[in-house]
Amino acid sequence: MQEPEGIETARLLPPVGANAPFGLHLLLDVSGESRERSPFVRLSESDDLARVFLAAVKGDDGTLLELCALKLMPDAWPDGVTPGALDMTNRDLEDRWDREKSRLVDLRALSSHFPRLIRLDAPAGKTADRLPPLLYSRAGRSFFVPPCPGCRSPLSLCRDEAWLARTGLPSFASSRERFVWCESCAKGPGAPTVYTTSRISTPGATVRSATDLLDDLGHALREVWTEEEATALVGTETAKAVRSLPAAAAGGASARDLFTPLTFYGSPFLVTVAAPLDLEALADALGGRPWEEFEVRSAGTGGGLPTRWAWLVRAPAPTRRLLFAEESSGLDAVEIFFLKLTAFRQILEGLIDYYRAAGRPHLDLHPRHLLFELSGAGDGLPLFWTFQARIHGLAAAAVTLPAPGSPSVVLPGQGLAIPYAAPEIQEFRLAGYRPCELVFTDLDEDGTGSRRFRLRGRVSDAYGLYPSPQPRDTIFLSVPDPTLDLGFTGLAVRATPGEIRSDEAAFASDLVALEENGLRRLRLALGTKIPGARYRVFPDFGTPSDLHALGVSLLRLLLRNDGQDVAAVLRAADRLTREVAALGPGEARRNVTLATLLKRVPDAAPVFSKTQIFWGHDDRRADRPNAVPETLWERAVLLALRLVTRVAGFSVAASPADFDPLFREEKLERIVPEVVSLLAELHSLLFERQSVHLEIQQVLAEIQESERLSEARP
């Protein structure tokens with residue numbers, strides 16, 4: 001398609017001047033040309049470990065081939081981005097990117113419910129997977145690798161561990177600190193200079209900031225290099241703009257207005273086909289929210305369309321949105337219900353595919369990770385009959401705790417999306433490392449002569465163990481005092497079943513290899529309090545955490561509109577949950593109906609009414625036709641309640657630990673037939689029984705007309 005009017009881009013890959021028939025362009029936020037805002041359209045800020053920008057694959061004639069999402073590392077890590085002792089190094093973070101790309105390739109081979117990865121060829125014919133340090137020139141609308149202000153060589157990310165150690169700078173591989181350098185100047189006779197976004201100083205090198213780099217570069221372009229040299233390095237328009245700066249800016253400070261770092265250090269990157277609607281926007285649009293009412297927003301606010309992207313999903317005509325327009329039969333409500341359940345089914349199927357491929361829960365399901373492509377424009381079907389769910393947030397992985405013989409734990413995503421995050425995930429994010437009283441009570445040797453031992457003891461917290469550990473959870477014990485010389489500073493253990501109290505738990509470790517010196521000291525320490533000990537509970541997260549997110553997503557699809565938000569729906573759901581729990585275990589819970597619950601809580605009935613399927617207040621009026629059968633509506637709402645709650649005999653999962661670790665997707669697969677059955681009945685109502693309904697309506701109309709004529713006769 002031709003690029004719409006008002007959309008502007010800057011070519012990123014291959015670099016300008018490369019002989020390529022198409023390239024990757026970054027879309028520019030023209031409204032951000034005020035210098036205070038980023039010139040790029042940002043799609044997501046939900047992950048502390050990534051930035052996502054709107055990009056496009058374009059032909060050399062300006063033809064727009066595909067809208068994309070470009071995912072990059074951030075230039076600065078937020079404080080507290082990783083949990084306690086699990087600090088991730090630069091090497092860990094890069095490995096995480098490699099895992100995500102590999103997982104994405106595997107998932108796409110298995111299922112269509114995941115992002116479509118776009119591979120880009122580097123000039124040498126290899127697949128490009130990393131960007132160098134890049135600055136964007138507002139004047140030239142182009143990207144360039146910043147040259148060294150001293151010698152004009154390209155700056156790069158410093159990975160030379162020996163050089164970093166000699167100059168007293170932190171290691172690249174074993175820390176999160178990063179430095180941009182000119183290798184030739186740094187290893188020359190003069191004092192080396194590096195640039196960083198961190199606040200670090202060392203006598204071995206001059207450490208300057210990111211803004212200092214822009215100042216130094218502006219000064220060199222204006223005062224040091226010839227016009228020809230500057231043009232060769234940054235392009236004609238950029239060089240001309242720098243040289244036209246006022247004389248007062250000769251020091252280069254105003255160069256900050258001309259240059260914007262895209263990736264200060266360089267970055268691995270992922271490019272996937274962009275999906276224009278998240279779950280929030282899709283649900284609202286399906287419910288009838290007009291396009292013009294959508295907030296054109298920057299990323300991270302939710303519920304709207306990205307800046308300068310609204311044109312992509314504007315329907316050419318209202319008839320392209322639904323098959324059944326508003327009519328006296330009320331079948332448009334059935335169609336909306338069908339489409340919203342279809343979106344839920346796609347999410348469910350994609351999640352099952354993820355479990356099968358990854359062997360672990362997702363743990364980060366929320367609207368910004370549930371995106372929808374509108375892939376059928378122009379194929380003759382209405383807009384909302386062609387959407388396809390894509391599940392994002394695939395970077396979470398099993399992490400090995402820093403302890404001898406430690407098991408792997410699965411951590412939820414870095415963000416905390418309330419109310420989609422399950423209570424146990426919220427607890428985990430709120431609970432850091434806590435001080436504890438730690439006592440080792442026994443050592444069990446494995447009996448093979450391998451000098452491996454199982455450590456037993458007790459851990460207690462006067463304020464209560466938080467979160468309360470379960471037998472399958474991992475408790476990480478931190479023993480930081482090096483004077484103890486036990487041979488380890490961390491130990492992973494599990495609470496002993498039947499010996500867990502609110503403030504104390506007995507524990508046992510897996511088999512741990514101990515050196516003679518550490519073993520001797522540990523035996524001397526048996527029965528005594530270990531000083532300075534801390535603990536953190538790493539729950540064995542499983543299917544129930546994702547079931548909660550699924551339940552909230554279904555409630556969001558069915559019941560959120562311009563008159564009530566998800567928080568209000570969840571408050572009403574909590575009241576119904578208490579009524580379910582009051583029924584007691586057994587048949588009463590298993591067979592309870594929504595109508596029964598609403599009789600007990602009558603003021604909650606409007607919250608769960610089938611009229612809530614519509615976005616607008618006028619569509620929810622009492623006399624507005626709505627052909628959704630009450631029985632089907634109740635089944636869908638009850639399914640959402642069973643997913644989001646934890647009540648034995650009623651909910652799909654009775655507790656966070658209610659899942660089979662050897663068959664994690666079992667509870668997900670169990671609800672698929674319910675959803676498929678609902679969809680089949682709605683599809684039949686829309687397409688297979690419509691003629692019968694019309695015949696019945698026609699007969700009833702004839703009877704009513706006959707009765708009217710009879711009453712009119714004298």
# chains A, B, ... in the order shown; residues from 1 in each chain; ligands from 1
>>> select_by_dssp(residues="region 117-207 of chain A", states="strand (DSSP E or B)", output="number ranges by chain")
A: 117, 121, 127, 130-131, 134-137, 142-144, 147, 154, 156-157, 180-181, 193-196, 202, 205-207
>>> write_last_selection(atoms="C-alpha atoms", output="PDB file, in the first residue's frame")
ATOM      1  CA  LEU A 117       9.318 -12.595  13.048  1.00  0.00           C
ATOM      2  CA  ASP A 121      19.802  -9.307   5.879  1.00  0.00           C
ATOM      3  CA  THR A 127      21.185 -12.110   9.061  1.00  0.00           C
ATOM      4  CA  ARG A 130      22.446  -6.266  16.326  1.00  0.00           C
ATOM      5  CA  LEU A 131      22.429  -2.527  15.817  1.00  0.00           C
ATOM      6  CA  LEU A 134      23.067   5.016  16.592  1.00  0.00           C
ATOM      7  CA  LEU A 135      22.139   8.676  16.744  1.00  0.00           C
ATOM      8  CA  TYR A 136      19.191  10.145  14.874  1.00  0.00           C
ATOM      9  CA  SER A 137      19.631  13.465  13.108  1.00  0.00           C
ATOM     10  CA  SER A 142      18.692   9.865   9.156  1.00  0.00           C
ATOM     11  CA  PHE A 143      20.631   7.586  11.503  1.00  0.00           C
ATOM     12  CA  PHE A 144      24.394   7.435  11.837  1.00  0.00           C
ATOM     13  CA  PRO A 147      32.172   9.092  15.175  1.00  0.00           C
ATOM     14  CA  PRO A 154      33.123   4.810  14.683  1.00  0.00           C
ATOM     15  CA  SER A 156      31.330   1.052  19.663  1.00  0.00           C
ATOM     16  CA  LEU A 157      30.332  -0.837  22.796  1.00  0.00           C
ATOM     17  CA  VAL A 180      30.923   3.427  24.507  1.00  0.00           C
ATOM     18  CA  TRP A 181      34.514   3.880  23.402  1.00  0.00           C
ATOM     19  CA  THR A 193      37.689   8.613  27.205  1.00  0.00           C
ATOM     20  CA  VAL A 194      34.503   6.560  27.470  1.00  0.00           C
ATOM     21  CA  TYR A 195      30.846   7.573  27.439  1.00  0.00           C
ATOM     22  CA  THR A 196      28.103   6.042  29.575  1.00  0.00           C
ATOM     23  CA  THR A 202      37.738   6.098  37.755  1.00  0.00           C
ATOM     24  CA  ALA A 205      39.877   6.931  32.221  1.00  0.00           C
ATOM     25  CA  THR A 206      37.814  10.031  31.561  1.00  0.00           C
ATOM     26  CA  VAL A 207      34.176   8.994  31.963  1.00  0.00           C
TER      27      VAL A 207
END
>>> residues_around(residues="Leu514 (chain A)", least_positions_apart="4", cutoff="10 Å", atoms="only C-alpha atoms", output="compact mmCIF listing (two decimals) with C-alpha atoms, in the first residue's frame")
# COMPACT_ATOMS: atom_id res chain seq x y z
CA PRO A 404 25.09 -24.92 44.83
CA SER A 450 30.51 -38.38 47.02
CA ARG A 451 30.51 -35.90 49.92
CA ARG A 452 27.07 -34.61 49.01
CA PHE A 453 24.76 -33.68 51.85
CA LEU A 486 30.63 -22.44 54.85
CA GLY A 487 31.55 -22.87 51.21
CA PHE A 488 28.38 -21.15 49.98
CA GLY A 518 32.93 -25.89 54.92
CA LEU A 519 31.57 -29.19 56.19
CA ARG A 520 33.54 -28.86 59.43
CA LEU A 522 28.74 -26.25 59.21
>>> residues_around(residues="Ala636 (chain A)", least_positions_apart="3", cutoff="9 Å", atoms="only C-alpha atoms", output="list in words")
Leu341, Leu554, Leu558, Thr631, Leu632, Trp633, Leu639, Ala640, Leu641, Glu674, Val675 and Leu678 of chain A
>>> closest_residue(among="A:Gly457, A:Gly23, A:Gly532, A:Pro402", to="Phe507 (chain A)", atoms="only C-alpha atoms")
A:Gly457
>>> closest_residue(among="A:Gly527, A:Leu370, A:Leu348, A:Cys436", to="Glu669 (chain A)", atoms="only C-alpha atoms")
A:Leu348
